[in-house]
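Everything below belongs to target.csv, which stores CSV, C-alpha atoms.
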```
chain,number,residue,atom,x,y,z
A,17,MET,CA,8.7,-18.2,-7.6
A,18,ILE,CA,5.9,-18.7,-5.1
A,19,PHE,CA,7.7,-17.3,-2.1
A,20,GLY,CA,9.4,-14.4,-3.8
A,21,ALA,CA,8.7,-11.9,-1.1
A,22,ILE,CA,9.8,-14.2,1.7
A,23,ASP,CA,13.0,-15.2,0.0
A,24,THR,CA,13.8,-11.5,-0.8
A,25,ALA,CA,13.2,-10.5,2.8
A,26,SER,CA,15.3,-13.4,3.9
A,27,SER,CA,18.3,-12.0,1.9
A,28,GLY,CA,17.8,-8.7,3.6
A,29,LEU,CA,17.7,-10.4,7.0
A,30,SER,CA,21.0,-12.0,6.1
A,31,VAL,CA,22.7,-8.8,5.2
A,32,TYR,CA,21.4,-6.9,8.3
A,33,ARG,CA,22.5,-9.8,10.5
A,34,THR,CA,26.0,-9.5,9.0
A,35,TRP,CA,25.9,-5.8,9.6
A,36,MET,CA,25.1,-6.4,13.3
A,37,ASP,CA,27.9,-8.9,13.5
A,38,ALA,CA,30.3,-6.3,12.0
A,39,VAL,CA,29.1,-3.6,14.4
A,40,SER,CA,29.4,-6.0,17.3
A,41,ASN,CA,33.0,-6.8,16.3
A,42,ASN,CA,33.8,-3.0,16.0
A,43,ILE,CA,32.4,-2.3,19.5
A,44,ALA,CA,34.2,-5.3,20.9
A,45,ASN,CA,37.4,-3.9,19.5
A,46,ALA,CA,36.7,-0.2,20.3
A,47,ASP,CA,39.7,0.0,22.7
A,48,THR,CA,41.9,-2.5,21.0
A,49,ASN,CA,44.1,0.0,19.4
A,50,HIS,CA,44.7,1.8,22.7
A,51,THR,CA,46.2,-1.4,24.3
A,52,LEU,CA,48.0,-2.6,21.2
A,53,PRO,CA,51.3,-4.4,21.6
A,54,ALA,CA,54.2,-2.7,19.9
A,55,GLY,CA,54.5,-3.6,16.2
A,56,ALA,CA,51.1,-5.2,16.0
A,57,THR,CA,48.7,-4.2,13.1
A,58,PRO,CA,46.0,-1.9,14.4
A,59,PHE,CA,42.4,-2.9,14.2
A,60,GLN,CA,40.4,-1.3,11.4
A,61,GLU,CA,36.7,-0.7,11.6
A,62,GLN,CA,34.8,-3.3,9.6
A,63,LEU,CA,32.3,-2.0,7.1
A,64,VAL,CA,29.7,-4.2,5.4
A,65,GLU,CA,29.2,-3.3,1.7
A,66,ALA,CA,25.7,-4.4,0.6
A,67,GLN,CA,24.8,-4.8,-3.1
A,68,ALA,CA,21.5,-5.5,-4.8
A,69,ASN,CA,21.2,-8.9,-6.4
A,70,ASP,CA,21.5,-8.7,-10.2
A,71,TYR,CA,18.1,-7.9,-11.5
A,72,SER,CA,19.0,-6.7,-15.0
A,73,GLN,CA,18.7,-10.1,-16.6
A,74,SER,CA,15.5,-11.3,-14.8
A,75,GLY,CA,13.3,-8.7,-16.5
A,76,GLY,CA,11.1,-8.7,-13.4
A,77,VAL,CA,11.4,-7.7,-9.8
A,78,GLY,CA,14.8,-8.1,-8.2
A,79,THR,CA,15.6,-10.9,-5.8
A,80,GLY,CA,17.0,-9.0,-2.9
A,81,VAL,CA,20.5,-8.1,-1.6
A,82,HIS,CA,23.8,-9.7,-0.7
A,83,VAL,CA,27.0,-8.7,1.1
A,84,ALA,CA,29.4,-7.7,-1.6
A,85,ALA,CA,32.4,-7.2,0.6
A,86,ILE,CA,33.6,-6.4,4.1
A,87,ALA,CA,35.7,-3.3,3.8
A,88,ALA,CA,38.3,-1.9,6.2
A,89,GLY,CA,37.6,1.5,7.6
A,90,ASP,CA,39.1,3.9,10.2
A,91,THR,CA,41.4,2.7,12.9
A,92,GLU,CA,39.6,5.0,15.3
A,93,ILE,CA,36.3,3.5,16.5
A,94,ASP,CA,33.6,6.0,17.4
A,95,LEU,CA,31.2,4.3,19.8
A,96,GLY,CA,28.3,6.7,19.0
A,97,ASP,CA,28.7,6.0,15.3
A,98,GLN,CA,28.7,2.3,16.0
A,99,MET,CA,25.6,2.5,18.2
A,100,SER,CA,23.7,4.4,15.6
A,101,LYS,CA,24.7,1.8,13.0
A,102,MET,CA,23.6,-0.9,15.4
A,103,ILE,CA,20.1,0.7,15.7
A,104,MET,CA,19.9,1.0,11.9
A,105,ALA,CA,20.9,-2.7,11.5
A,106,GLN,CA,18.3,-3.7,14.1
A,107,ARG,CA,15.5,-1.6,12.5
A,108,GLY,CA,16.4,-3.0,9.1
A,109,TYR,CA,16.3,-6.5,10.5
A,110,GLU,CA,12.9,-5.9,12.0
A,111,ALA,CA,11.6,-4.3,8.8
A,112,ASN,CA,12.5,-7.5,6.9
A,113,LEU,CA,11.0,-9.7,9.5
A,114,ALA,CA,7.8,-7.6,9.2
A,115,VAL,CA,7.9,-8.3,5.4
A,116,VAL,CA,8.2,-12.1,6.0
A,117,ASP,CA,5.2,-11.9,8.5
A,118,ARG,CA,3.0,-9.9,6.1
A,119,ALA,CA,3.9,-12.1,3.1
A,120,LYS,CA,3.0,-15.2,5.1
A,121,ASP,CA,-0.3,-13.7,6.2
A,122,ALA,CA,-1.0,-12.7,2.6
A,123,TYR,CA,-0.3,-16.2,1.3
A,124,GLN,CA,-2.5,-17.7,4.0
A,125,GLN,CA,-5.3,-15.3,3.1
A,126,ALA,CA,-4.9,-16.3,-0.5
A,127,LEU,CA,-5.4,-20.0,0.5
A,128,THR,CA,-8.7,-19.2,2.1
A,129,LEU,CA,-9.9,-17.8,-1.3
A,130,GLY,CA,-13.2,-19.4,-2.2
A,131,LYS,CA,-13.9,-21.0,1.1
B,11,MET,CA,5.4,-3.5,-14.8
B,12,ALA,CA,6.4,-4.5,-18.3
B,13,ILE,CA,3.8,-4.3,-21.0
B,14,ALA,CA,4.0,-7.3,-23.4
B,15,PRO,CA,4.7,-6.2,-27.0
B,16,ILE,CA,1.9,-6.7,-29.5
B,17,GLY,CA,3.9,-9.4,-31.3
B,18,SER,CA,4.0,-11.7,-28.4
B,19,ALA,CA,0.4,-11.0,-27.5
B,20,SER,CA,-0.8,-12.0,-30.9
B,21,ALA,CA,1.4,-15.2,-30.7
B,22,LEU,CA,-0.4,-16.0,-27.5
B,23,GLY,CA,-3.7,-15.4,-29.2
B,24,ASN,CA,-2.7,-17.8,-32.0
B,25,ALA,CA,-1.7,-20.4,-29.5
B,26,PHE,CA,-5.1,-20.2,-27.9
B,27,ALA,CA,-6.9,-20.2,-31.3
B,28,VAL,CA,-5.0,-23.2,-32.5
B,29,ALA,CA,-5.1,-25.4,-29.5
B,30,PRO,CA,-8.8,-26.3,-29.5
B,31,THR,CA,-8.9,-27.0,-33.2
B,32,ALA,CA,-6.2,-29.7,-33.0
B,33,SER,CA,-7.3,-33.2,-34.1
B,34,GLN,CA,-7.8,-34.3,-30.5
B,35,PRO,CA,-10.1,-32.7,-28.0
B,36,PRO,CA,-8.3,-30.9,-25.1
B,37,ALA,CA,-6.8,-33.7,-23.2
B,38,VAL,CA,-8.3,-34.4,-19.8
B,39,SER,CA,-5.9,-37.1,-19.0
B,40,GLY,CA,-5.1,-38.8,-15.7
B,41,ALA,CA,-7.4,-41.8,-16.1
B,42,ASP,CA,-4.7,-43.5,-18.1
B,43,GLY,CA,-1.9,-41.9,-16.1
B,44,SER,CA,-0.4,-40.2,-19.1
B,45,GLY,CA,-0.1,-36.6,-20.2
B,46,ASN,CA,0.0,-33.5,-18.1
B,47,GLY,CA,-3.3,-33.7,-16.4
B,48,PHE,CA,-4.4,-33.0,-12.9
B,49,GLY,CA,-2.7,-36.0,-11.5
B,50,ASP,CA,0.6,-35.0,-13.0
B,51,MET,CA,0.2,-31.5,-11.6
B,52,VAL,CA,-0.5,-32.8,-8.1
B,53,GLY,CA,2.4,-35.1,-8.4
B,54,LYS,CA,4.7,-32.2,-9.2
B,55,ALA,CA,3.3,-30.2,-6.4
B,56,ILE,CA,3.9,-33.0,-3.9
B,57,ASN,CA,7.4,-33.5,-5.2
B,58,SER,CA,8.1,-29.8,-4.7
B,59,LEU,CA,6.5,-30.0,-1.2
B,60,GLN,CA,8.7,-33.0,-0.4
B,61,SER,CA,11.9,-31.1,-1.3
B,62,THR,CA,10.7,-28.0,0.7
B,63,GLN,CA,10.1,-30.1,3.7
B,64,ALA,CA,13.4,-31.9,3.3
B,65,ASN,CA,15.1,-28.6,3.3
B,66,ALA,CA,13.3,-27.4,6.4
B,67,ASP,CA,14.2,-30.7,8.1
B,68,ASN,CA,17.8,-30.4,7.2
B,69,LEU,CA,18.0,-26.8,8.6
B,70,ALA,CA,16.2,-28.0,11.8
B,71,THR,CA,18.9,-30.6,12.3
B,72,GLN,CA,21.5,-27.9,11.7
B,73,ALA,CA,19.8,-25.6,14.2
B,74,ALA,CA,19.8,-28.5,16.8
B,75,THR,CA,23.5,-29.3,16.2
B,76,GLY,CA,24.6,-25.6,16.3
B,77,GLN,CA,25.7,-25.6,12.6
B,78,LEU,CA,23.0,-23.1,11.5
B,79,GLN,CA,24.5,-19.9,10.1
B,80,ASP,CA,21.4,-17.7,10.1
B,81,VAL,CA,18.4,-18.1,12.4
B,82,GLN,CA,16.1,-16.8,9.7
B,83,GLN,CA,17.3,-19.6,7.3
B,84,TYR,CA,15.4,-22.1,9.3
B,85,MET,CA,12.4,-19.9,10.1
B,86,VAL,CA,12.0,-19.0,6.4
B,87,ALA,CA,12.3,-22.6,5.3
B,88,SER,CA,9.8,-23.8,7.9
B,89,THR,CA,7.4,-21.0,7.0
B,90,GLU,CA,7.7,-22.0,3.3
B,91,ALA,CA,7.2,-25.7,4.1
B,92,SER,CA,4.1,-24.8,6.2
B,93,LEU,CA,2.7,-22.7,3.4
B,94,SER,CA,3.5,-25.3,0.8
B,95,THR,CA,1.7,-27.9,2.9
B,96,GLN,CA,-1.3,-25.7,3.3
B,97,LEU,CA,-1.4,-25.0,-0.5
B,98,THR,CA,-1.2,-28.7,-1.3
B,99,VAL,CA,-3.9,-29.6,1.2
B,100,ALA,CA,-6.1,-26.8,-0.2
B,101,VAL,CA,-5.7,-28.1,-3.7
B,102,ARG,CA,-6.4,-31.7,-2.5
B,103,ASN,CA,-9.6,-30.5,-0.7
B,104,LYS,CA,-10.8,-28.7,-3.8
B,105,ALA,CA,-10.2,-31.8,-5.9
B,106,VAL,CA,-12.1,-34.0,-3.5
B,107,ASP,CA,-14.9,-31.4,-3.3
B,108,ALA,CA,-15.2,-31.4,-7.1
B,109,PHE,CA,-15.2,-35.3,-7.2
B,110,ASN,CA,-17.9,-35.4,-4.5
B,111,GLU,CA,-19.9,-32.9,-6.4
B,112,ILE,CA,-19.8,-35.0,-9.6
B,113,MET,CA,-20.7,-38.2,-7.6
B,114,ARG,CA,-23.8,-36.5,-6.2
B,115,MET,CA,-24.9,-35.6,-9.8
B,116,SER,CA,-28.2,-37.3,-10.6
B,117,VAL,CA,-28.4,-38.5,-14.1
```
Just dump the structure as C-alpha cells.
Amino acid sequence: MIFGAIDTASSGLSVYRTWMDAVSNNIANADTNHTLPAGATPFQEQLVEAQANDYSQSGGVGTGVHVAAIAAGDTEIDLGDQMSKMIMAQRGYEANLAVVDRAKDAYQQALTLGK
Amino acid sequence: MAIAPIGSASALGNAFAVAPTASQPPAVSGADGSGNGFGDMVGKAINSLQSTQANADNLATQAATGQLQDVQQYMVASTEASLSTQLTVAVRNKAVDAFNEIMRMSV
C-alpha cells in the first residue's frame, strides 16, 4: 500500500471525529435528565469504544483503528469530564492530521529523489 | 520488523539464479505490446491513478452536495490523487529523459 501512513491516520481521524460527535451530544444533553418528562427514559452518556484494526493476519504493520461500539454510560453528565474528553479528542484529531501532513511531505520529498 | 527465514531467502536466491539462465534473454518487451514490460507497468499505474482520481471526484461531489460523512475522507482522497499524479508524472519524465538520452547517443 503506497499511502499506508495516510490511510492509517485517516482511520484515526474518523475515530476522533466520532468521539467529538459523542462528546458534543453528551454536552448538548448535559441537563436533559433534569428536565425529563415523567416516565421518559433518561439520557445516558455516550462512550465511543475504539479498537485497533485486526493486524494479526497481515504480518506487517497494522492499518489503524475503528469504532467498535458506542456504549452507554452514566446518566449523570459531568461537564468538566466532557470538556477534558473534548480536548483529548481535539488533540488526537490534530495529531492524526499532523501525520497526514508529514506523510504527504515525505512522499513528495521521495518524488524529488534523483532530481 | 520480521526477518525472513533462511528457507525463503534461499528460494529467492534460486529464483534470481534461474531467471537469467532461461532459454530466452530477460524480456525487454513493450515494442510488440506483449509481456509485462515498462509499457504494461505504466498502463497499470495510469489505471490506478484513474481510479484514485475518480474516487476523489466522487467525494468532491459528495462534499458539494452535503452527503460527505467525514471531511478528511475527501481531503485524504484528494491528497492521494495529487500524490499519485505526481508519481506518474515523475515516472513519465524519467522515461522520457531516458529515451532522449538514448536518442542523443552517437554510434
By how many Å are CA of Arg102 (chain B) and CA of Leu127 (chain A) apart?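 Result for CA of Arg102 (chain B) versus CA of Leu127 (chain A): 12.1 Å, one decimal.
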Write out as a PDB file with C-alpha atoms, keeping the file's coordinate frame the residues lying within 10 Å of Val81 (chain B), counting all atoms listed in the file and excluding same-chain residues fewer than 4 positions away.
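Once written, part23.pdb looks like this:
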```pdb
ATOM      1  CA  LEU A  29      17.700 -10.400   7.000  1.00  0.00           C
ATOM      2  CA  SER A  30      21.000 -12.000   6.100  1.00  0.00           C
ATOM      3  CA  ARG A  33      22.500  -9.800  10.500  1.00  0.00           C
TER       4      ARG A  33
ATOM      5  CA  LEU B  69      18.000 -26.800   8.600  1.00  0.00           C
ATOM      6  CA  ALA B  73      19.800 -25.600  14.200  1.00  0.00           C
ATOM      7  CA  MET B  85      12.400 -19.900  10.100  1.00  0.00           C
ATOM      8  CA  VAL B  86      12.000 -19.000   6.400  1.00  0.00           C
TER       9      VAL B  86
END
```
Could you name the residues that touch Val39 (chain A) at 10 Å or less, counting all atoms listed in the file, but leaving out those on the same chain fewer than 5 positions away, as an NGL selection string? :A and (33-34 or 44-45 or 61-64 or 95 or 97-102 or 105)
Spatial neighbours of Met104 (chain A), max dist 10 Å, all atoms listed in the file, sep filter under 5 positions, as a list in words: Tyr32, Trp35, Met36, Gln98, Met99, Tyr109 and Glu110 of chain A
Determine, using all atoms listed in the file, which residues of chain A have any atom at most 10 Å from an atom of chain B, and tabulate each with its shortest atom pair and distance in Å to one decimal place, rows ordered by chain and then rising number, as JSON lines.
```
{"residue": "A:Ile18", "atom": "CA", "partner": "B:Ser94", "partner_atom": "CA", "distance": 9.2}
{"residue": "A:Phe19", "atom": "CA", "partner": "B:Glu90", "partner_atom": "CA", "distance": 7.2}
{"residue": "A:Ile22", "atom": "CA", "partner": "B:Val86", "partner_atom": "CA", "distance": 7.1}
{"residue": "A:Asp23", "atom": "CA", "partner": "B:Val86", "partner_atom": "CA", "distance": 7.5}
{"residue": "A:Ala25", "atom": "CA", "partner": "B:Val86", "partner_atom": "CA", "distance": 9.3}
{"residue": "A:Ser26", "atom": "CA", "partner": "B:Gln82", "partner_atom": "CA", "distance": 6.8}
{"residue": "A:Ser27", "atom": "CA", "partner": "B:Gln83", "partner_atom": "CA", "distance": 9.4}
{"residue": "A:Leu29", "atom": "CA", "partner": "B:Gln82", "partner_atom": "CA", "distance": 7.1}
{"residue": "A:Ser30", "atom": "CA", "partner": "B:Asp80", "partner_atom": "CA", "distance": 7.0}
{"residue": "A:Arg33", "atom": "CA", "partner": "B:Asp80", "partner_atom": "CA", "distance": 8.0}
{"residue": "A:Thr34", "atom": "CA", "partner": "B:Asp80", "partner_atom": "CA", "distance": 9.5}
{"residue": "A:Gly75", "atom": "CA", "partner": "B:Ala12", "partner_atom": "CA", "distance": 8.3}
{"residue": "A:Gly76", "atom": "CA", "partner": "B:Met11", "partner_atom": "CA", "distance": 7.8}
{"residue": "A:Val77", "atom": "CA", "partner": "B:Met11", "partner_atom": "CA", "distance": 8.9}
{"residue": "A:Leu113", "atom": "CA", "partner": "B:Gln82", "partner_atom": "CA", "distance": 8.7}
{"residue": "A:Val116", "atom": "CA", "partner": "B:Val86", "partner_atom": "CA", "distance": 7.9}
{"residue": "A:Asp117", "atom": "CA", "partner": "B:Thr89", "partner_atom": "CA", "distance": 9.5}
{"residue": "A:Lys120", "atom": "CA", "partner": "B:Thr89", "partner_atom": "CA", "distance": 7.5}
{"residue": "A:Asp121", "atom": "CA", "partner": "B:Leu93", "partner_atom": "CA", "distance": 9.9}
{"residue": "A:Tyr123", "atom": "CA", "partner": "B:Leu93", "partner_atom": "CA", "distance": 7.5}
{"residue": "A:Gln124", "atom": "CA", "partner": "B:Leu93", "partner_atom": "CA", "distance": 7.2}
{"residue": "A:Ala126", "atom": "CA", "partner": "B:Leu97", "partner_atom": "CA", "distance": 9.4}
{"residue": "A:Leu127", "atom": "CA", "partner": "B:Leu97", "partner_atom": "CA", "distance": 6.5}
{"residue": "A:Thr128", "atom": "CA", "partner": "B:Ala100", "partner_atom": "CA", "distance": 8.4}
{"residue": "A:Leu129", "atom": "CA", "partner": "B:Ala100", "partner_atom": "CA", "distance": 9.8}
{"residue": "A:Gly130", "atom": "CA", "partner": "B:Lys104", "partner_atom": "CA", "distance": 9.7}
{"residue": "A:Lys131", "atom": "CA", "partner": "B:Lys104", "partner_atom": "CA", "distance": 9.6}
```
What is the CA of Tyr84 (chain B)-CA of Gln63 (chain B) distance in Å, reported with one decimal? 11.1 Å
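Among B:Phe48, B:Leu59, B:Asp67, B:Ala91, the residue with the shortest atom-to-atom distance to Ala105 (chain B), counting all atoms listed in the file, is B:Phe48.
Reported to one decimal place, the separation of CA of Ala66 (chain B) from CA of Asp50 (chain B) is 24.4 Å.
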Residues at most 6 Å from region 79-83 of chain A, counting all atoms listed in the file, excluding those fewer than 4 positions away in the same chain, as a PyMOL selection string? chain A and resi 24+27-28+31+65-69
Could you give me, as a ChimeraX atom specification, the residues within 10 Å of region 56-60 of chain A, counting all atoms listed in the file and dropping anything in the same chain fewer than 5 positions from it? /A:42,45-51,87-93
Counting all atoms listed in the file, the residue of A:Gln125, A:Ser72, A:Gly20, A:Ala38 that sits nearest Ala85 (chain A): A:Ala38
For region 75-111 of chain A of the structure just presented, write C-alpha atoms to a file, as a PDB file, in the first residue's frame.
```
ATOM      1  CA  GLY A  75       2.046  -9.952   9.374  1.00  0.00           C
ATOM      2  CA  GLY A  76       3.103  -6.353   8.937  1.00  0.00           C
ATOM      3  CA  VAL A  77       2.212  -3.005  10.385  1.00  0.00           C
ATOM      4  CA  GLY A  78      -1.416  -2.529  11.387  1.00  0.00           C
ATOM      5  CA  THR A  79      -3.856  -0.461   9.377  1.00  0.00           C
ATOM      6  CA  GLY A  80      -5.279   1.808  12.029  1.00  0.00           C
ATOM      7  CA  VAL A  81      -8.313   1.926  14.264  1.00  0.00           C
ATOM      8  CA  HIS A  82     -12.073   1.792  14.049  1.00  0.00           C
ATOM      9  CA  VAL A  83     -15.050   2.455  16.294  1.00  0.00           C
ATOM     10  CA  ALA A  84     -16.042  -0.881  17.806  1.00  0.00           C
ATOM     11  CA  ALA A  85     -19.190   0.301  19.539  1.00  0.00           C
ATOM     12  CA  ILE A  86     -20.949   3.257  21.140  1.00  0.00           C
ATOM     13  CA  ALA A  87     -21.534   2.254  24.727  1.00  0.00           C
ATOM     14  CA  ALA A  88     -23.985   3.796  27.174  1.00  0.00           C
ATOM     15  CA  GLY A  89     -22.509   5.305  30.327  1.00  0.00           C
ATOM     16  CA  ASP A  90     -23.679   7.228  33.355  1.00  0.00           C
ATOM     17  CA  THR A  91     -26.937   9.154  33.430  1.00  0.00           C
ATOM     18  CA  GLU A  92     -25.144  11.991  35.220  1.00  0.00           C
ATOM     19  CA  ILE A  93     -23.138  14.112  32.749  1.00  0.00           C
ATOM     20  CA  ASP A  94     -20.079  15.790  34.232  1.00  0.00           C
ATOM     21  CA  LEU A  95     -19.276  18.847  32.143  1.00  0.00           C
ATOM     22  CA  GLY A  96     -15.669  19.009  33.301  1.00  0.00           C
ATOM     23  CA  ASP A  97     -15.194  15.388  32.324  1.00  0.00           C
ATOM     24  CA  GLN A  98     -16.765  16.039  28.918  1.00  0.00           C
ATOM     25  CA  MET A  99     -14.605  19.109  28.301  1.00  0.00           C
ATOM     26  CA  SER A 100     -11.419  17.189  29.055  1.00  0.00           C
ATOM     27  CA  LYS A 101     -12.570  14.433  26.701  1.00  0.00           C
ATOM     28  CA  MET A 102     -13.272  17.100  24.096  1.00  0.00           C
ATOM     29  CA  ILE A 103      -9.709  18.396  24.436  1.00  0.00           C
ATOM     30  CA  MET A 104      -8.320  14.854  24.151  1.00  0.00           C
ATOM     31  CA  ALA A 105     -10.399  14.231  21.025  1.00  0.00           C
ATOM     32  CA  GLN A 106      -9.315  17.517  19.506  1.00  0.00           C
ATOM     33  CA  ARG A 107      -5.634  16.874  20.213  1.00  0.00           C
ATOM     34  CA  GLY A 108      -5.900  13.360  18.844  1.00  0.00           C
ATOM     35  CA  TYR A 109      -7.519  14.692  15.689  1.00  0.00           C
ATOM     36  CA  GLU A 110      -4.738  17.253  15.323  1.00  0.00           C
ATOM     37  CA  ALA A 111      -2.071  14.600  15.853  1.00  0.00           C
TER      38      ALA A 111
END
```
